[in-house]
Amino acid sequence: MTYTVLKKHKQQFSDNGFVVVDQLINQSQLTGLHQAFEDLFNGNFETGVRPDEVNWQQSTGDPTLTRQICNGWKSDRRIAEVVLDQSLGKAIAEFTGWSGVRIMIDNVIWKPAGTKSLGFHQDNAYLSWFNPGEIATCWIALDDTTAKGGTIEFARGSHKWLLREPKGDFHAPEDYKQTLSNAAQLAGVDPDVHYVEVKAGGGSFHHGKTWHGSGPNQSSNPRRSLVLHAMPDKVEFVPDNFDKGIGPIYSRYKRLGDNQLDENYFPVLWRKDGYRTPAIDDFLKT
Ligand SMILES: O=C(O)CCC(=O)C(=O)O
């Protein structure tokens, strides 16, 4: 599947801070991705590399929580094939106006029936460890999604509000919409929340300032999603902020002696001049 940005999608992204898309990957990819989720959360890492963040494992994880792993692409090539896809990188460049796109991290998210919410937040609030600290995201549903099943939700137009300091828990906060209510009040508006209800394989793109979160899964079906968080290709590390947001984890990839990001850890998916990190395709083949 090669996703192509439509003019109306670009307009929606710019007006609302997100756009919902019916199909981002092929149905034939779903079975392999479901198996990859099973493997990752059971600690079976196909490449032998442990993901950068493992927040849940079958043997030790709290069964009431949403399961999350970050940078599954380094551990499993079925994940890598999707989140390192050239057409998704190009689409993000078209939505944002960036001249090139790198992957910052991926998220592997599994919300089984009956599990708890993820709190509303703005992604860019965690990113002062690189400059410019901004991302845009492609969120892919691997199951049919519903509001009752805890799909992702976006506050329409909230990418135009100010960027706020991160507050509250991401996993299972007492009220997952509290942070959104506070931000909306400060912006002087009533939040207009849109639930992404799509068939498996569909999904959305969102701006790094758009407020989003997801409720508990009150359905009897699992809700799995694979997420590409992408950054502009021209970014630099900011060592003074390595202790902020997710800086303590990803600053470990800074090289001695310069602030440039290394393509081995933050590969370029697409660039206007035709460049793409060549090692991606070798990695996917082996
Ligand atoms: O899948 C979810 O419920 C939330 C994912 C998320 O926070 C994101 O894609 O930025």
# chains A, B, ... in the order shown; residues from 1 in each chain; ligands from 1
$ select_by_dssp --residues "region 57-197 of chain A" --states "helix (DSSP H, G or I)" --output "number ranges by chain"
A: 72-74, 77-83, 86-96, 123-126, 158-160, 178-187
$ write_last_selection --atoms "C-alpha atoms" --output "PDB file, in the first residue's frame"
ATOM      1  CA  GLY A  72       9.665  -1.958  18.071  1.00  0.00           C
ATOM      2  CA  TRP A  73      11.146  -1.358  14.603  1.00  0.00           C
ATOM      3  CA  LYS A  74      14.634  -2.133  15.885  1.00  0.00           C
ATOM      4  CA  ARG A  77      11.157  -6.140  10.790  1.00  0.00           C
ATOM      5  CA  ARG A  78       7.401  -6.577  10.339  1.00  0.00           C
ATOM      6  CA  ILE A  79       7.052  -3.387  12.408  1.00  0.00           C
ATOM      7  CA  ALA A  80      10.001  -1.719  10.631  1.00  0.00           C
ATOM      8  CA  GLU A  81       8.472  -2.341   7.203  1.00  0.00           C
ATOM      9  CA  VAL A  82       5.504  -0.149   8.152  1.00  0.00           C
ATOM     10  CA  VAL A  83       7.040   2.625  10.251  1.00  0.00           C
ATOM     11  CA  GLN A  86       8.800   5.908   2.327  1.00  0.00           C
ATOM     12  CA  SER A  87       5.262   6.933   1.383  1.00  0.00           C
ATOM     13  CA  LEU A  88       4.324   7.634   5.010  1.00  0.00           C
ATOM     14  CA  GLY A  89       7.445   9.791   5.365  1.00  0.00           C
ATOM     15  CA  LYS A  90       6.564  11.684   2.198  1.00  0.00           C
ATOM     16  CA  ALA A  91       2.968  12.153   3.356  1.00  0.00           C
ATOM     17  CA  ILE A  92       4.170  13.651   6.650  1.00  0.00           C
ATOM     18  CA  ALA A  93       6.446  16.022   4.709  1.00  0.00           C
ATOM     19  CA  GLU A  94       3.466  17.126   2.625  1.00  0.00           C
ATOM     20  CA  PHE A  95       1.273  17.707   5.682  1.00  0.00           C
ATOM     21  CA  THR A  96       3.946  19.662   7.569  1.00  0.00           C
ATOM     22  CA  ASP A 123       3.387  15.232  21.659  1.00  0.00           C
ATOM     23  CA  ASN A 124       5.633  18.282  21.183  1.00  0.00           C
ATOM     24  CA  ALA A 125       5.593  18.917  24.954  1.00  0.00           C
ATOM     25  CA  TYR A 126       8.139  16.088  25.451  1.00  0.00           C
ATOM     26  CA  SER A 158      -6.158  22.320  19.276  1.00  0.00           C
ATOM     27  CA  HIS A 159      -2.882  22.501  17.293  1.00  0.00           C
ATOM     28  CA  LYS A 160      -3.557  26.254  17.270  1.00  0.00           C
ATOM     29  CA  GLN A 178      -8.620  16.338  32.619  1.00  0.00           C
ATOM     30  CA  THR A 179      -5.494  17.723  30.908  1.00  0.00           C
ATOM     31  CA  LEU A 180      -7.572  18.496  27.808  1.00  0.00           C
ATOM     32  CA  SER A 181     -10.250  20.318  29.858  1.00  0.00           C
ATOM     33  CA  ASN A 182      -7.563  22.427  31.541  1.00  0.00           C
ATOM     34  CA  ALA A 183      -5.912  23.334  28.230  1.00  0.00           C
ATOM     35  CA  ALA A 184      -9.250  24.124  26.572  1.00  0.00           C
ATOM     36  CA  GLN A 185     -10.193  26.398  29.441  1.00  0.00           C
ATOM     37  CA  LEU A 186      -6.892  28.247  29.099  1.00  0.00           C
ATOM     38  CA  ALA A 187      -7.543  28.538  25.350  1.00  0.00           C
TER      39      ALA A 187
END
$ residues_near_ligand --ligand "ligand 1" --cutoff "7 Å" --atoms "only C-alpha atoms and all ligand atoms" --output "JSON, numbers by chain"
{"A": [109, 118, 123, 137, 139, 151, 152, 212, 213, 214, 225, 227]}
$ residues_around --residues "Ser59 (chain A)" --least-positions-apart "5" --cutoff "12 Å" --atoms "only C-alpha atoms" --output "PyMOL selection string"
chain A and resi 41-43
$ select_by_dssp --residues "region 27-186 of chain A" --states "strand (DSSP E or B)" --output "MDAnalysis selection string"
chainID A and resid 53:54 67:70 100:111 118:121 130:131 136:141 152:155 171
$ write_last_selection --atoms "C-alpha atoms" --output "PDB file, in the first residue's frame"
ATOM      1  CA  GLU A  53      11.134   1.332  25.922  1.00  0.00           C
ATOM      2  CA  VAL A  54       9.399  -1.827  27.090  1.00  0.00           C
ATOM      3  CA  ARG A  67       0.543  -2.282  26.754  1.00  0.00           C
ATOM      4  CA  GLN A  68       3.215  -0.107  25.184  1.00  0.00           C
ATOM      5  CA  ILE A  69       6.607  -0.620  23.549  1.00  0.00           C
ATOM      6  CA  CYS A  70       8.647   2.115  21.841  1.00  0.00           C
ATOM      7  CA  GLY A 100      12.646  15.727   4.811  1.00  0.00           C
ATOM      8  CA  VAL A 101      11.415  13.320   7.466  1.00  0.00           C
ATOM      9  CA  ARG A 102      13.140  11.007   9.953  1.00  0.00           C
ATOM     10  CA  ILE A 103      11.542   8.549  12.322  1.00  0.00           C
ATOM     11  CA  MET A 104      11.834   9.825  15.904  1.00  0.00           C
ATOM     12  CA  ILE A 105      10.305   6.727  17.536  1.00  0.00           C
ATOM     13  CA  ASP A 106       7.514   4.252  16.946  1.00  0.00           C
ATOM     14  CA  ASN A 107       4.859   3.185  19.459  1.00  0.00           C
ATOM     15  CA  VAL A 108       3.449  -0.329  19.592  1.00  0.00           C
ATOM     16  CA  ILE A 109       0.194  -0.025  21.532  1.00  0.00           C
ATOM     17  CA  TRP A 110      -2.137  -2.829  22.574  1.00  0.00           C
ATOM     18  CA  LYS A 111      -5.262  -2.057  24.528  1.00  0.00           C
ATOM     19  CA  LEU A 118      -4.121   6.945  27.918  1.00  0.00           C
ATOM     20  CA  GLY A 119      -4.204  10.578  29.056  1.00  0.00           C
ATOM     21  CA  PHE A 120      -4.668  13.532  26.702  1.00  0.00           C
ATOM     22  CA  HIS A 121      -1.379  15.229  25.788  1.00  0.00           C
ATOM     23  CA  PHE A 130      16.141  18.238  20.038  1.00  0.00           C
ATOM     24  CA  ASN A 131      15.671  21.363  17.979  1.00  0.00           C
ATOM     25  CA  ALA A 136       4.000  14.798  13.333  1.00  0.00           C
ATOM     26  CA  THR A 137       2.421  11.388  13.671  1.00  0.00           C
ATOM     27  CA  CYS A 138       0.860   8.639  11.613  1.00  0.00           C
ATOM     28  CA  TRP A 139      -1.404   6.420  13.742  1.00  0.00           C
ATOM     29  CA  ILE A 140      -2.419   3.062  12.203  1.00  0.00           C
ATOM     30  CA  ALA A 141      -5.295   0.962  13.566  1.00  0.00           C
ATOM     31  CA  ILE A 152      -7.612   7.617  19.611  1.00  0.00           C
ATOM     32  CA  GLU A 153      -9.439  10.965  20.013  1.00  0.00           C
ATOM     33  CA  PHE A 154      -8.399  14.403  18.808  1.00  0.00           C
ATOM     34  CA  ALA A 155      -9.497  17.866  19.928  1.00  0.00           C
ATOM     35  CA  HIS A 171      -0.922   5.587  31.499  1.00  0.00           C
TER      36      HIS A 171
END
$ atom_distance --atom1 "CA of Gln23 (chain A)" --atom2 "CA of Arg223 (chain A)"
16.6 Å
$ residues_around --residues "Val235 (chain A)" --least-positions-apart "6" --cutoff "9 Å" --atoms "only C-alpha atoms" --output "CSV table (one decimal) with C-alpha atoms, in the first residue's frame"
chain,number,residue,atom,x,y,z
A,130,PHE,CA,16.1,18.2,20.0
A,131,ASN,CA,15.7,21.4,18.0
A,132,PRO,CA,13.3,22.2,16.4
A,133,GLY,CA,11.4,20.1,18.9
A,259,ASN,CA,25.0,17.4,17.9
A,260,GLN,CA,23.9,15.8,14.6
A,261,LEU,CA,21.5,12.9,14.8
$ closest_residue --among "A:Thr146, A:Ser204, A:Asn241, A:Ser75" --to "Gly48 (chain A)" --atoms "only C-alpha atoms"
A:Ser75
$ atom_distance --atom1 "CA of His34 (chain A)" --atom2 "CA of His206 (chain A)"
23.6 Å
$ decode --residues "region 134-172 of chain A" --atoms "N, CA and C atoms" --output "compact mmCIF listing (two decimals), in the first residue's frame"
# COMPACT_ATOMS: atom_id res chain seq x y z
N GLU A 134 9.79 19.34 17.29
CA GLU A 134 8.43 19.12 16.81
C GLU A 134 8.35 17.80 16.05
N ILE A 135 7.19 17.17 16.15
CA ILE A 135 6.96 15.94 15.38
C ILE A 135 5.57 15.99 14.76
N ALA A 136 5.35 15.07 13.84
CA ALA A 136 4.00 14.80 13.33
C ALA A 136 3.88 13.28 13.31
N THR A 137 2.64 12.80 13.38
CA THR A 137 2.42 11.39 13.67
C THR A 137 1.45 10.73 12.71
N CYS A 138 1.79 9.49 12.35
CA CYS A 138 0.86 8.64 11.61
C CYS A 138 0.44 7.51 12.55
N TRP A 139 -0.84 7.40 12.80
CA TRP A 139 -1.40 6.42 13.74
C TRP A 139 -2.18 5.39 12.92
N ILE A 140 -1.80 4.10 13.04
CA ILE A 140 -2.42 3.06 12.20
C ILE A 140 -3.18 2.07 13.08
N ALA A 141 -4.47 1.91 12.81
CA ALA A 141 -5.30 0.96 13.57
C ALA A 141 -5.06 -0.44 13.02
N LEU A 142 -4.82 -1.39 13.92
CA LEU A 142 -4.64 -2.78 13.49
C LEU A 142 -5.87 -3.62 13.83
N ASP A 143 -6.90 -2.98 14.39
CA ASP A 143 -8.22 -3.60 14.61
C ASP A 143 -9.25 -2.55 14.20
N ASP A 144 -10.48 -2.99 13.93
CA ASP A 144 -11.55 -2.00 13.69
C ASP A 144 -11.68 -1.18 14.98
N THR A 145 -11.85 0.13 14.86
CA THR A 145 -11.88 0.95 16.08
C THR A 145 -13.23 1.62 16.30
N THR A 146 -13.56 1.82 17.58
CA THR A 146 -14.81 2.49 17.96
C THR A 146 -14.54 3.38 19.17
N ALA A 147 -15.44 4.33 19.39
CA ALA A 147 -15.31 5.19 20.58
C ALA A 147 -15.35 4.31 21.84
N LYS A 148 -16.28 3.36 21.87
CA LYS A 148 -16.43 2.49 23.04
C LYS A 148 -15.18 1.62 23.27
N GLY A 149 -14.51 1.30 22.16
CA GLY A 149 -13.32 0.44 22.23
C GLY A 149 -12.04 1.21 22.53
N GLY A 150 -12.15 2.51 22.86
CA GLY A 150 -10.97 3.27 23.27
C GLY A 150 -10.07 3.69 22.13
N THR A 151 -10.69 4.06 21.01
CA THR A 151 -9.87 4.55 19.88
C THR A 151 -9.21 5.89 20.24
N ILE A 152 -8.25 6.31 19.40
CA ILE A 152 -7.61 7.62 19.61
C ILE A 152 -8.64 8.73 19.36
N GLU A 153 -8.52 9.82 20.12
CA GLU A 153 -9.44 10.96 20.01
C GLU A 153 -8.60 12.23 19.84
N PHE A 154 -9.09 13.13 19.03
CA PHE A 154 -8.40 14.40 18.81
C PHE A 154 -9.32 15.58 19.14
N ALA A 155 -8.74 16.63 19.73
CA ALA A 155 -9.50 17.87 19.93
C ALA A 155 -9.28 18.74 18.70
N ARG A 156 -10.37 18.92 17.97
CA ARG A 156 -10.30 19.64 16.69
C ARG A 156 -9.74 21.06 16.88
N GLY A 157 -8.77 21.41 16.07
CA GLY A 157 -8.22 22.77 16.08
C GLY A 157 -7.25 23.05 17.23
N SER A 158 -6.97 22.05 18.07
CA SER A 158 -6.16 22.32 19.28
C SER A 158 -4.67 22.50 18.95
N HIS A 159 -4.27 22.23 17.69
CA HIS A 159 -2.88 22.50 17.29
C HIS A 159 -2.62 24.00 17.22
N LYS A 160 -3.73 24.79 17.30
CA LYS A 160 -3.56 26.25 17.27
C LYS A 160 -3.47 26.83 18.68
N TRP A 161 -3.66 25.98 19.71
CA TRP A 161 -3.54 26.45 21.09
C TRP A 161 -2.05 26.50 21.44
N LEU A 162 -1.75 27.13 22.62
CA LEU A 162 -0.33 27.19 23.05
C LEU A 162 0.17 25.80 23.43
N LEU A 163 1.49 25.62 23.32
CA LEU A 163 2.10 24.38 23.80
C LEU A 163 2.22 24.50 25.32
N ARG A 164 1.72 23.48 26.04
CA ARG A 164 1.73 23.51 27.51
C ARG A 164 2.76 22.52 28.06
N GLU A 165 3.28 22.82 29.25
CA GLU A 165 4.16 21.87 29.95
C GLU A 165 3.39 20.57 30.17
N PRO A 166 4.05 19.40 29.98
CA PRO A 166 3.32 18.14 30.22
C PRO A 166 2.90 18.02 31.68
N LYS A 167 1.66 17.58 31.89
CA LYS A 167 1.14 17.39 33.27
C LYS A 167 0.34 16.09 33.30
N GLY A 168 0.36 15.40 34.43
CA GLY A 168 -0.49 14.21 34.61
C GLY A 168 0.16 12.96 34.03
N ASP A 169 -0.44 11.82 34.39
CA ASP A 169 0.10 10.52 33.94
C ASP A 169 -0.35 10.24 32.52
N PHE A 170 0.51 9.56 31.77
CA PHE A 170 0.13 9.11 30.43
C PHE A 170 -0.70 7.83 30.55
N HIS A 171 -0.21 6.86 31.35
CA HIS A 171 -0.92 5.59 31.50
C HIS A 171 -1.97 5.69 32.61
N ALA A 172 -3.22 5.38 32.27
CA ALA A 172 -4.31 5.22 33.23
C ALA A 172 -4.46 6.36 34.24
